[in-house]
>>> print(open('model.cif').read())   # mmCIF, N, CA and C atoms and all ligand atoms
data_final
loop_
_atom_site.label_atom_id
_atom_site.label_comp_id
_atom_site.auth_asym_id
_atom_site.auth_seq_id
_atom_site.Cartn_x
_atom_site.Cartn_y
_atom_site.Cartn_z
N MET A 1 181.91 106.04 120.07
CA MET A 1 181.94 107.23 119.21
C MET A 1 183.35 107.51 118.70
N ALA A 2 183.42 108.01 117.48
CA ALA A 2 184.74 108.23 116.87
C ALA A 2 185.29 109.62 117.21
N ILE A 3 186.60 109.72 117.20
CA ILE A 3 187.25 111.03 117.31
C ILE A 3 187.15 111.70 115.95
N GLU A 4 186.58 112.90 115.94
CA GLU A 4 186.40 113.64 114.68
C GLU A 4 187.06 115.01 114.79
N ARG A 5 187.15 115.67 113.63
CA ARG A 5 187.55 117.08 113.58
C ARG A 5 186.48 117.87 112.87
N THR A 6 186.26 119.11 113.32
CA THR A 6 185.28 119.97 112.68
C THR A 6 185.87 121.37 112.56
N LEU A 7 185.34 122.17 111.62
CA LEU A 7 185.82 123.55 111.46
C LEU A 7 184.90 124.53 112.17
N SER A 8 185.51 125.44 112.91
CA SER A 8 184.77 126.53 113.55
C SER A 8 185.23 127.86 112.96
N ILE A 9 184.26 128.76 112.72
CA ILE A 9 184.62 130.16 112.41
C ILE A 9 183.92 131.04 113.46
N ILE A 10 184.72 131.82 114.16
CA ILE A 10 184.16 132.87 115.02
C ILE A 10 184.02 134.09 114.12
N LYS A 11 182.78 134.54 113.96
CA LYS A 11 182.44 135.49 112.89
C LYS A 11 182.69 136.95 113.29
N PRO A 12 182.61 137.88 112.31
CA PRO A 12 182.93 139.29 112.57
C PRO A 12 182.15 139.94 113.72
N ASP A 13 180.88 139.61 113.91
CA ASP A 13 180.14 140.24 115.02
C ASP A 13 180.80 139.90 116.35
N ALA A 14 181.33 138.68 116.46
CA ALA A 14 181.95 138.23 117.72
C ALA A 14 183.33 138.83 117.92
N THR A 15 184.11 138.97 116.82
CA THR A 15 185.44 139.59 117.00
C THR A 15 185.27 141.08 117.29
N GLU A 16 184.27 141.72 116.66
CA GLU A 16 184.03 143.16 116.90
C GLU A 16 183.64 143.42 118.36
N ASN A 17 182.91 142.48 118.95
CA ASN A 17 182.41 142.67 120.32
C ASN A 17 183.30 142.02 121.38
N ASP A 18 184.50 141.60 120.97
CA ASP A 18 185.46 140.98 121.91
C ASP A 18 184.86 139.77 122.63
N ASN A 19 184.14 138.95 121.88
CA ASN A 19 183.57 137.73 122.45
C ASN A 19 184.39 136.48 122.12
N VAL A 20 185.58 136.66 121.54
CA VAL A 20 186.38 135.49 121.13
C VAL A 20 186.73 134.62 122.34
N GLY A 21 187.24 135.24 123.38
CA GLY A 21 187.64 134.48 124.57
C GLY A 21 186.47 133.72 125.19
N GLY A 22 185.33 134.40 125.30
CA GLY A 22 184.14 133.76 125.88
C GLY A 22 183.70 132.55 125.07
N ILE A 23 183.78 132.68 123.75
CA ILE A 23 183.37 131.58 122.87
C ILE A 23 184.36 130.41 122.97
N LEU A 24 185.66 130.72 122.97
CA LEU A 24 186.66 129.65 123.07
C LEU A 24 186.53 128.91 124.40
N GLN A 25 186.18 129.65 125.45
CA GLN A 25 186.00 129.02 126.76
C GLN A 25 184.84 128.01 126.74
N LEU A 26 183.73 128.38 126.08
CA LEU A 26 182.60 127.45 125.98
C LEU A 26 182.99 126.21 125.16
N ILE A 27 183.78 126.43 124.11
CA ILE A 27 184.25 125.30 123.29
C ILE A 27 185.08 124.35 124.14
N GLU A 28 186.05 124.88 124.87
CA GLU A 28 186.94 124.02 125.66
C GLU A 28 186.17 123.35 126.81
N LYS A 29 185.24 124.09 127.41
CA LYS A 29 184.45 123.51 128.51
C LYS A 29 183.62 122.31 128.05
N SER A 30 183.27 122.30 126.74
CA SER A 30 182.45 121.20 126.21
C SER A 30 183.27 119.93 126.00
N GLY A 31 184.59 120.04 126.13
CA GLY A 31 185.45 118.86 125.94
C GLY A 31 186.12 118.83 124.58
N LEU A 32 185.78 119.80 123.71
CA LEU A 32 186.45 119.87 122.41
C LEU A 32 187.81 120.54 122.57
N ARG A 33 188.78 120.05 121.81
CA ARG A 33 190.14 120.62 121.90
C ARG A 33 190.44 121.41 120.63
N ILE A 34 191.04 122.61 120.82
CA ILE A 34 191.42 123.46 119.67
C ILE A 34 192.79 122.98 119.19
N VAL A 35 192.83 122.37 117.99
CA VAL A 35 194.10 121.79 117.52
C VAL A 35 194.78 122.66 116.45
N ALA A 36 194.10 123.70 115.97
CA ALA A 36 194.72 124.68 115.07
C ALA A 36 193.85 125.93 115.12
N MET A 37 194.47 127.11 114.98
CA MET A 37 193.67 128.34 115.06
C MET A 37 194.37 129.49 114.35
N ARG A 38 193.59 130.35 113.69
CA ARG A 38 194.15 131.53 112.99
C ARG A 38 193.13 132.66 112.95
N ARG A 39 193.60 133.87 113.23
CA ARG A 39 192.76 135.06 113.04
C ARG A 39 193.09 135.63 111.67
N MET A 40 192.07 135.95 110.88
CA MET A 40 192.33 136.44 109.52
C MET A 40 191.17 137.30 109.04
N HIS A 41 191.45 138.17 108.06
CA HIS A 41 190.39 138.99 107.47
C HIS A 41 190.09 138.40 106.09
N LEU A 42 188.91 137.79 105.94
CA LEU A 42 188.56 137.11 104.69
C LEU A 42 188.38 138.11 103.56
N THR A 43 188.81 137.72 102.36
CA THR A 43 188.49 138.49 101.15
C THR A 43 187.09 138.07 100.69
N LYS A 44 186.51 138.86 99.79
CA LYS A 44 185.19 138.49 99.22
C LYS A 44 185.30 137.15 98.50
N ALA A 45 186.44 136.92 97.82
CA ALA A 45 186.61 135.66 97.08
C ALA A 45 186.66 134.48 98.05
N GLN A 46 187.35 134.66 99.17
CA GLN A 46 187.42 133.57 100.16
C GLN A 46 186.05 133.29 100.77
N ALA A 47 185.35 134.35 101.18
CA ALA A 47 184.03 134.16 101.81
C ALA A 47 183.05 133.54 100.82
N GLY A 48 183.07 134.03 99.57
CA GLY A 48 182.18 133.50 98.53
C GLY A 48 182.51 132.04 98.22
N GLY A 49 183.78 131.71 98.21
CA GLY A 49 184.20 130.33 97.94
C GLY A 49 183.81 129.40 99.08
N PHE A 50 183.99 129.87 100.30
CA PHE A 50 183.65 129.03 101.44
C PHE A 50 182.16 128.72 101.47
N TYR A 51 181.34 129.74 101.18
CA TYR A 51 179.88 129.58 101.24
C TYR A 51 179.26 129.32 99.87
N GLU A 52 180.04 128.74 98.97
CA GLU A 52 179.58 128.51 97.60
C GLU A 52 178.23 127.76 97.52
N VAL A 53 178.00 126.83 98.46
CA VAL A 53 176.74 126.07 98.45
C VAL A 53 175.52 126.97 98.62
N HIS A 54 175.74 128.18 99.17
CA HIS A 54 174.61 129.10 99.40
C HIS A 54 174.50 130.17 98.30
N LYS A 55 175.25 129.99 97.21
CA LYS A 55 175.36 131.02 96.16
C LYS A 55 174.02 131.49 95.61
N GLU A 56 173.06 130.57 95.51
CA GLU A 56 171.76 130.94 94.93
C GLU A 56 170.78 131.47 95.97
N ARG A 57 171.15 131.45 97.25
CA ARG A 57 170.23 131.91 98.30
C ARG A 57 170.12 133.44 98.28
N PRO A 58 168.95 133.96 98.66
CA PRO A 58 168.77 135.42 98.61
C PRO A 58 169.70 136.18 99.56
N PHE A 59 170.17 135.50 100.61
CA PHE A 59 171.00 136.21 101.59
C PHE A 59 172.49 136.10 101.29
N PHE A 60 172.87 135.51 100.11
CA PHE A 60 174.29 135.25 99.84
C PHE A 60 175.15 136.54 99.86
N GLY A 61 174.66 137.60 99.20
CA GLY A 61 175.43 138.85 99.14
C GLY A 61 175.64 139.44 100.52
N GLU A 62 174.57 139.41 101.30
CA GLU A 62 174.60 139.92 102.69
C GLU A 62 175.60 139.10 103.54
N LEU A 63 175.59 137.78 103.30
CA LEU A 63 176.47 136.87 104.04
C LEU A 63 177.95 137.18 103.72
N VAL A 64 178.26 137.37 102.45
CA VAL A 64 179.64 137.66 102.05
C VAL A 64 180.06 139.03 102.59
N ASP A 65 179.19 140.02 102.51
CA ASP A 65 179.52 141.36 103.07
C ASP A 65 179.80 141.25 104.56
N PHE A 66 178.95 140.54 105.27
CA PHE A 66 179.12 140.38 106.72
C PHE A 66 180.42 139.66 107.06
N MET A 67 180.69 138.57 106.37
CA MET A 67 181.87 137.75 106.71
C MET A 67 183.18 138.44 106.38
N THR A 68 183.12 139.51 105.57
CA THR A 68 184.35 140.24 105.22
C THR A 68 184.42 141.61 105.91
N ARG A 69 183.47 141.87 106.82
CA ARG A 69 183.40 143.18 107.47
C ARG A 69 184.53 143.42 108.47
N SER A 70 184.95 142.37 109.15
CA SER A 70 185.97 142.43 110.21
C SER A 70 186.66 141.07 110.24
N PRO A 71 187.75 140.94 111.00
CA PRO A 71 188.43 139.64 111.07
C PRO A 71 187.55 138.53 111.65
N VAL A 72 187.92 137.30 111.31
CA VAL A 72 187.29 136.11 111.87
C VAL A 72 188.40 135.28 112.55
N VAL A 73 188.00 134.31 113.36
CA VAL A 73 188.97 133.37 113.93
C VAL A 73 188.55 131.97 113.50
N VAL A 74 189.38 131.37 112.65
CA VAL A 74 189.07 130.01 112.17
C VAL A 74 189.86 129.01 113.02
N SER A 75 189.21 127.91 113.36
CA SER A 75 189.92 126.90 114.15
C SER A 75 189.41 125.50 113.82
N VAL A 76 190.25 124.53 114.14
CA VAL A 76 189.89 123.12 113.98
C VAL A 76 189.69 122.55 115.38
N LEU A 77 188.52 121.96 115.59
CA LEU A 77 188.19 121.39 116.90
C LEU A 77 188.20 119.88 116.79
N GLU A 78 188.72 119.24 117.82
CA GLU A 78 188.84 117.78 117.79
C GLU A 78 188.22 117.18 119.05
N GLY A 79 187.57 116.04 118.88
CA GLY A 79 187.02 115.33 120.03
C GLY A 79 186.05 114.27 119.59
N GLU A 80 185.49 113.55 120.57
CA GLU A 80 184.50 112.53 120.26
C GLU A 80 183.28 113.17 119.65
N ASP A 81 182.87 112.69 118.48
CA ASP A 81 181.64 113.17 117.87
C ASP A 81 181.66 114.70 117.66
N ALA A 82 182.84 115.22 117.26
CA ALA A 82 183.08 116.68 117.27
C ALA A 82 182.08 117.47 116.41
N VAL A 83 181.67 116.92 115.25
CA VAL A 83 180.78 117.68 114.37
C VAL A 83 179.45 117.96 115.08
N ALA A 84 178.82 116.90 115.60
CA ALA A 84 177.53 117.05 116.28
C ALA A 84 177.70 117.82 117.60
N LYS A 85 178.78 117.53 118.32
CA LYS A 85 178.97 118.19 119.61
C LYS A 85 179.11 119.70 119.45
N TYR A 86 179.88 120.15 118.44
CA TYR A 86 180.04 121.59 118.27
C TYR A 86 178.73 122.24 117.84
N ARG A 87 177.91 121.52 117.06
CA ARG A 87 176.62 122.09 116.68
C ARG A 87 175.73 122.28 117.91
N GLU A 88 175.85 121.36 118.87
CA GLU A 88 175.12 121.51 120.13
C GLU A 88 175.61 122.72 120.92
N VAL A 89 176.94 122.88 120.97
CA VAL A 89 177.54 123.99 121.72
C VAL A 89 177.16 125.34 121.08
N MET A 90 177.07 125.37 119.73
CA MET A 90 176.70 126.62 119.03
C MET A 90 175.24 126.98 119.27
N GLY A 91 174.35 126.00 119.27
CA GLY A 91 172.91 126.26 119.34
C GLY A 91 172.34 126.48 117.95
N ALA A 92 171.03 126.67 117.85
CA ALA A 92 170.34 126.80 116.56
C ALA A 92 170.88 127.99 115.77
N THR A 93 170.84 127.87 114.41
CA THR A 93 171.32 128.94 113.52
C THR A 93 170.69 130.29 113.88
N ASP A 94 169.37 130.27 114.15
CA ASP A 94 168.67 131.49 114.57
C ASP A 94 168.76 131.60 116.10
N PRO A 95 169.48 132.60 116.60
CA PRO A 95 169.68 132.71 118.06
C PRO A 95 168.37 132.76 118.87
N LYS A 96 167.28 133.20 118.23
CA LYS A 96 165.98 133.22 118.93
C LYS A 96 165.53 131.81 119.29
N LYS A 97 166.02 130.83 118.50
CA LYS A 97 165.62 129.43 118.72
C LYS A 97 166.70 128.64 119.45
N ALA A 98 167.81 129.29 119.81
CA ALA A 98 168.95 128.58 120.43
C ALA A 98 168.68 128.31 121.91
N ALA A 99 169.14 127.14 122.38
CA ALA A 99 168.93 126.76 123.79
C ALA A 99 169.80 127.60 124.72
N ASP A 100 169.35 127.71 125.96
CA ASP A 100 170.10 128.44 126.98
C ASP A 100 171.51 127.86 127.11
N GLY A 101 172.48 128.73 127.31
CA GLY A 101 173.85 128.28 127.55
C GLY A 101 174.65 128.06 126.28
N THR A 102 173.98 128.11 125.10
CA THR A 102 174.71 127.92 123.85
C THR A 102 175.38 129.24 123.42
N ILE A 103 176.38 129.11 122.54
CA ILE A 103 177.12 130.29 122.07
C ILE A 103 176.17 131.30 121.43
N ARG A 104 175.28 130.82 120.55
CA ARG A 104 174.41 131.77 119.84
C ARG A 104 173.40 132.41 120.77
N LYS A 105 172.91 131.66 121.76
CA LYS A 105 171.97 132.25 122.72
C LYS A 105 172.68 133.36 123.52
N LEU A 106 173.93 133.10 123.89
CA LEU A 106 174.65 134.05 124.74
C LEU A 106 175.17 135.26 123.97
N PHE A 107 175.61 135.05 122.70
CA PHE A 107 176.36 136.11 122.02
C PHE A 107 175.76 136.63 120.72
N ALA A 108 174.91 135.85 120.03
CA ALA A 108 174.52 136.22 118.67
C ALA A 108 173.38 137.23 118.63
N LYS A 109 173.36 138.02 117.54
CA LYS A 109 172.36 139.07 117.39
C LYS A 109 171.13 138.56 116.64
N ASP A 110 171.36 137.93 115.49
CA ASP A 110 170.24 137.43 114.68
C ASP A 110 170.73 136.32 113.75
N ILE A 111 169.85 135.84 112.87
CA ILE A 111 170.20 134.68 112.02
C ILE A 111 171.37 134.98 111.08
N GLY A 112 171.55 136.24 110.71
CA GLY A 112 172.67 136.61 109.84
C GLY A 112 173.95 136.76 110.65
N GLU A 113 173.88 137.56 111.70
CA GLU A 113 175.06 137.82 112.55
C GLU A 113 175.00 136.87 113.74
N ASN A 114 175.33 135.60 113.45
CA ASN A 114 175.09 134.57 114.47
C ASN A 114 176.37 134.02 115.12
N SER A 115 177.41 134.86 115.12
CA SER A 115 178.64 134.67 115.92
C SER A 115 179.56 133.51 115.56
N VAL A 116 179.00 132.37 115.14
CA VAL A 116 179.86 131.22 114.85
C VAL A 116 179.31 130.40 113.68
N HIS A 117 180.25 129.72 113.03
CA HIS A 117 179.91 128.70 112.03
C HIS A 117 180.52 127.39 112.48
N GLY A 118 179.83 126.28 112.24
CA GLY A 118 180.42 124.96 112.45
C GLY A 118 180.02 124.05 111.32
N SER A 119 180.90 123.15 110.92
CA SER A 119 180.60 122.22 109.82
C SER A 119 179.34 121.42 110.16
N ASP A 120 178.55 121.09 109.09
CA ASP A 120 177.29 120.37 109.35
C ASP A 120 177.37 118.87 109.09
N SER A 121 178.53 118.38 108.63
CA SER A 121 178.71 116.93 108.44
C SER A 121 180.21 116.66 108.44
N LEU A 122 180.55 115.40 108.63
CA LEU A 122 181.97 115.03 108.63
C LEU A 122 182.60 115.29 107.26
N GLU A 123 181.82 115.02 106.22
CA GLU A 123 182.31 115.24 104.85
C GLU A 123 182.60 116.74 104.62
N ASN A 124 181.66 117.59 105.02
CA ASN A 124 181.89 119.04 104.87
C ASN A 124 183.01 119.52 105.78
N ALA A 125 183.15 118.91 106.96
CA ALA A 125 184.22 119.30 107.87
C ALA A 125 185.58 119.11 107.18
N LYS A 126 185.74 118.00 106.49
CA LYS A 126 187.02 117.73 105.80
C LYS A 126 187.29 118.79 104.75
N ARG A 127 186.26 119.13 103.97
CA ARG A 127 186.40 120.14 102.92
C ARG A 127 186.71 121.51 103.53
N GLU A 128 185.98 121.87 104.59
CA GLU A 128 186.13 123.19 105.21
C GLU A 128 187.48 123.34 105.91
N ILE A 129 187.94 122.26 106.56
CA ILE A 129 189.26 122.31 107.22
C ILE A 129 190.34 122.53 106.15
N ALA A 130 190.23 121.80 105.05
CA ALA A 130 191.22 121.92 103.97
C ALA A 130 191.18 123.29 103.31
N PHE A 131 190.02 123.98 103.41
CA PHE A 131 189.89 125.32 102.83
C PHE A 131 190.84 126.30 103.54
N PHE A 132 191.02 126.11 104.86
CA PHE A 132 191.80 127.08 105.65
C PHE A 132 193.15 126.56 106.14
N PHE A 133 193.31 125.25 106.27
CA PHE A 133 194.52 124.72 106.90
C PHE A 133 195.21 123.70 106.01
N ALA A 134 196.55 123.74 106.04
CA ALA A 134 197.36 122.75 105.33
C ALA A 134 197.57 121.56 106.24
N GLU A 135 197.87 120.42 105.67
CA GLU A 135 198.18 119.21 106.45
C GLU A 135 199.20 119.51 107.55
N ALA A 136 200.22 120.30 107.19
CA ALA A 136 201.32 120.59 108.14
C ALA A 136 200.85 121.42 109.34
N ASP A 137 199.70 122.10 109.23
CA ASP A 137 199.17 122.87 110.38
C ASP A 137 198.48 121.96 111.37
N LEU A 138 198.25 120.71 110.98
CA LEU A 138 197.35 119.84 111.74
C LEU A 138 198.03 118.59 112.27
N LEU A 139 199.31 118.66 112.49
CA LEU A 139 200.02 117.46 112.96
C LEU A 139 199.75 117.21 114.44
P1 LIG A 201 176.36 129.32 108.93
O1 LIG A 201 176.21 128.16 109.81
O2 LIG A 201 177.67 130.00 108.88
O3 LIG A 201 175.97 128.87 107.43
C1 LIG A 201 175.37 129.73 106.50
C2 LIG A 201 175.06 131.06 107.06
O4 LIG A 201 174.15 131.83 106.33
C3 LIG A 201 174.39 130.92 108.41
O5 LIG A 201 175.29 130.40 109.35
C4 LIG A 201 173.86 132.30 108.64
O6 LIG A 201 174.84 133.17 109.17
C5 LIG A 201 173.53 132.74 107.23
N1 LIG A 201 172.09 132.71 107.04
C6 LIG A 201 171.29 131.64 107.07
N2 LIG A 201 170.00 132.03 106.88
C7 LIG A 201 170.02 133.36 106.73
C8 LIG A 201 169.03 134.33 106.50
N3 LIG A 201 167.75 133.99 106.39
N4 LIG A 201 169.41 135.62 106.40
C9 LIG A 201 170.72 135.96 106.50
N5 LIG A 201 171.72 135.08 106.72
C10 LIG A 201 171.36 133.79 106.84
#
>>> encode(input="model.cif", output="structure tokens", more="lines below")
Ligand code: CMP
Amino acid sequence: MAIERTLSIIKPDATENDNVGGILQLIEKSGLRIVAMRRMHLTKAQAGGFYEVHKERPFFGELVDFMTRSPVVVSVLEGEDAVAKYREVMGATDPKKAADGTIRKLFAKDIGENSVHGSDSLENAKREIAFFFAEADLL
């Protein structure tokens, strides 16, 4: 298996409820390493740009409002098979369907306020990492 990098966003519901530490602990326990990290308050333009692929979805406005409600913590995770591994650690998008022990099962409220985002492919991971981090942040 190859060493990959993936983008994680700890979302506003999780920062509001002080679940950042608990989530980072689950990430590190899984063997993924945090190689860059920043807490920031997204603008509507940033959130809309990041989720541009969902622009035509009925929940797009709700998603942008939610993602700009409070600060988020963006990070780059590195490890073997990092994209798939982080998706396993997060659990299903809908926390009702997430497996026991996953971040979303433990912390998320519903499909909208689902505590974390993770890239869904290596190609998207590269685009998403570049959205938030410069090459110099990732040495
Ligand atoms: P994420 O992995 O960040 O990618 C897109 C996000 O859209 C997703 O997590 C959810 O937070 C959100 N989303 C997906 N489906 C719905 C839905 N039916 N209603 C509201 N938000 C949704």
>>> closest_atom_pairs(input="model.cif", of="chain A", to="ligand LIG 201 (chain A)", cutoff="5 Å", atoms="all atoms listed in the file", output="Markdown table")
| residue | atom | partner | partner_atom | distance |
| --- | --- | --- | --- | --- |
| A:Phe59 | CA | A:LIG201 | C9 | 4.9 |
| A:Ile111 | C | A:LIG201 | O6 | 4.4 |
| A:Gly112 | CA | A:LIG201 | N5 | 3.6 |
| A:Asn114 | N | A:LIG201 | O6 | 4.9 |
| A:His117 | CA | A:LIG201 | O2 | 4.1 |
| A:Gly118 | N | A:LIG201 | O1 | 4.7 |
>>> residues_around(input="model.cif", residues="range 99-105 of chain A", least_positions_apart="2", cutoff="9 Å", atoms="only C-alpha atoms", output="list in words")
Gly22, Ile23, Leu26, Ile27, Glu88, Val89, Met90, Gly91, Ala92, Thr93, Asp94, Pro95, Lys96, Lys97, Phe107, Ala108, Lys109, Asp110, Asn114, Ser115 and Val116 of chain A
>>> atom_distance(input="model.cif", atom1="CA of Leu63 in chain A", atom2="CA of Phe133 in chain A")
21.9 Å
>>> residues_around(input="model.cif", residues="Ala36 in chain A", least_positions_apart="4", cutoff="6 Å", atoms="all atoms listed in the file", output="list in words")
Val74, Ser75, Val76, Leu77 and Asp137 of chain A
>>> axis_aligned_box(input="model.cif", around="range 70-84 of chain A", padding_each_side="5 Å", output="JSON")
{"center_x": 183.9, "center_y": 127.5, "center_z": 114.9, "size_x": 22.7, "size_y": 39.9, "size_z": 21.4}
>>> atom_distance(input="model.cif", atom1="atom C of Ser8 in chain A", atom2="atom C of Val73 in chain A")
5.3 Å
>>> closest_residue(input="model.cif", among="A:Val64, A:Val53, A:Ala82, A:Val72", to="Arg38 in chain A", atoms="all atoms listed in the file")
A:Val72
>>> closest_residue(input="model.cif", among="A:Ser121, A:Ser70, A:Arg57, A:Glu28", to="Thr15 in chain A", atoms="all atoms listed in the file")
A:Ser70
>>> atom_distance(input="model.cif", atom1="atom C of Pro58 in chain A", atom2="atom N of Ile9 in chain A")
21.0 Å
>>> closest_residue(input="model.cif", among="A:Lys85, A:Ala47, A:Lys55, A:Thr6", to="Lys29 in chain A", atoms="only C-alpha atoms")
A:Lys85
>>> closest_residue(input="model.cif", among="A:Gly79, A:Val20, A:Ala125, A:Gln46", to="Met1 in chain A", atoms="all atoms listed in the file")
A:Gly79
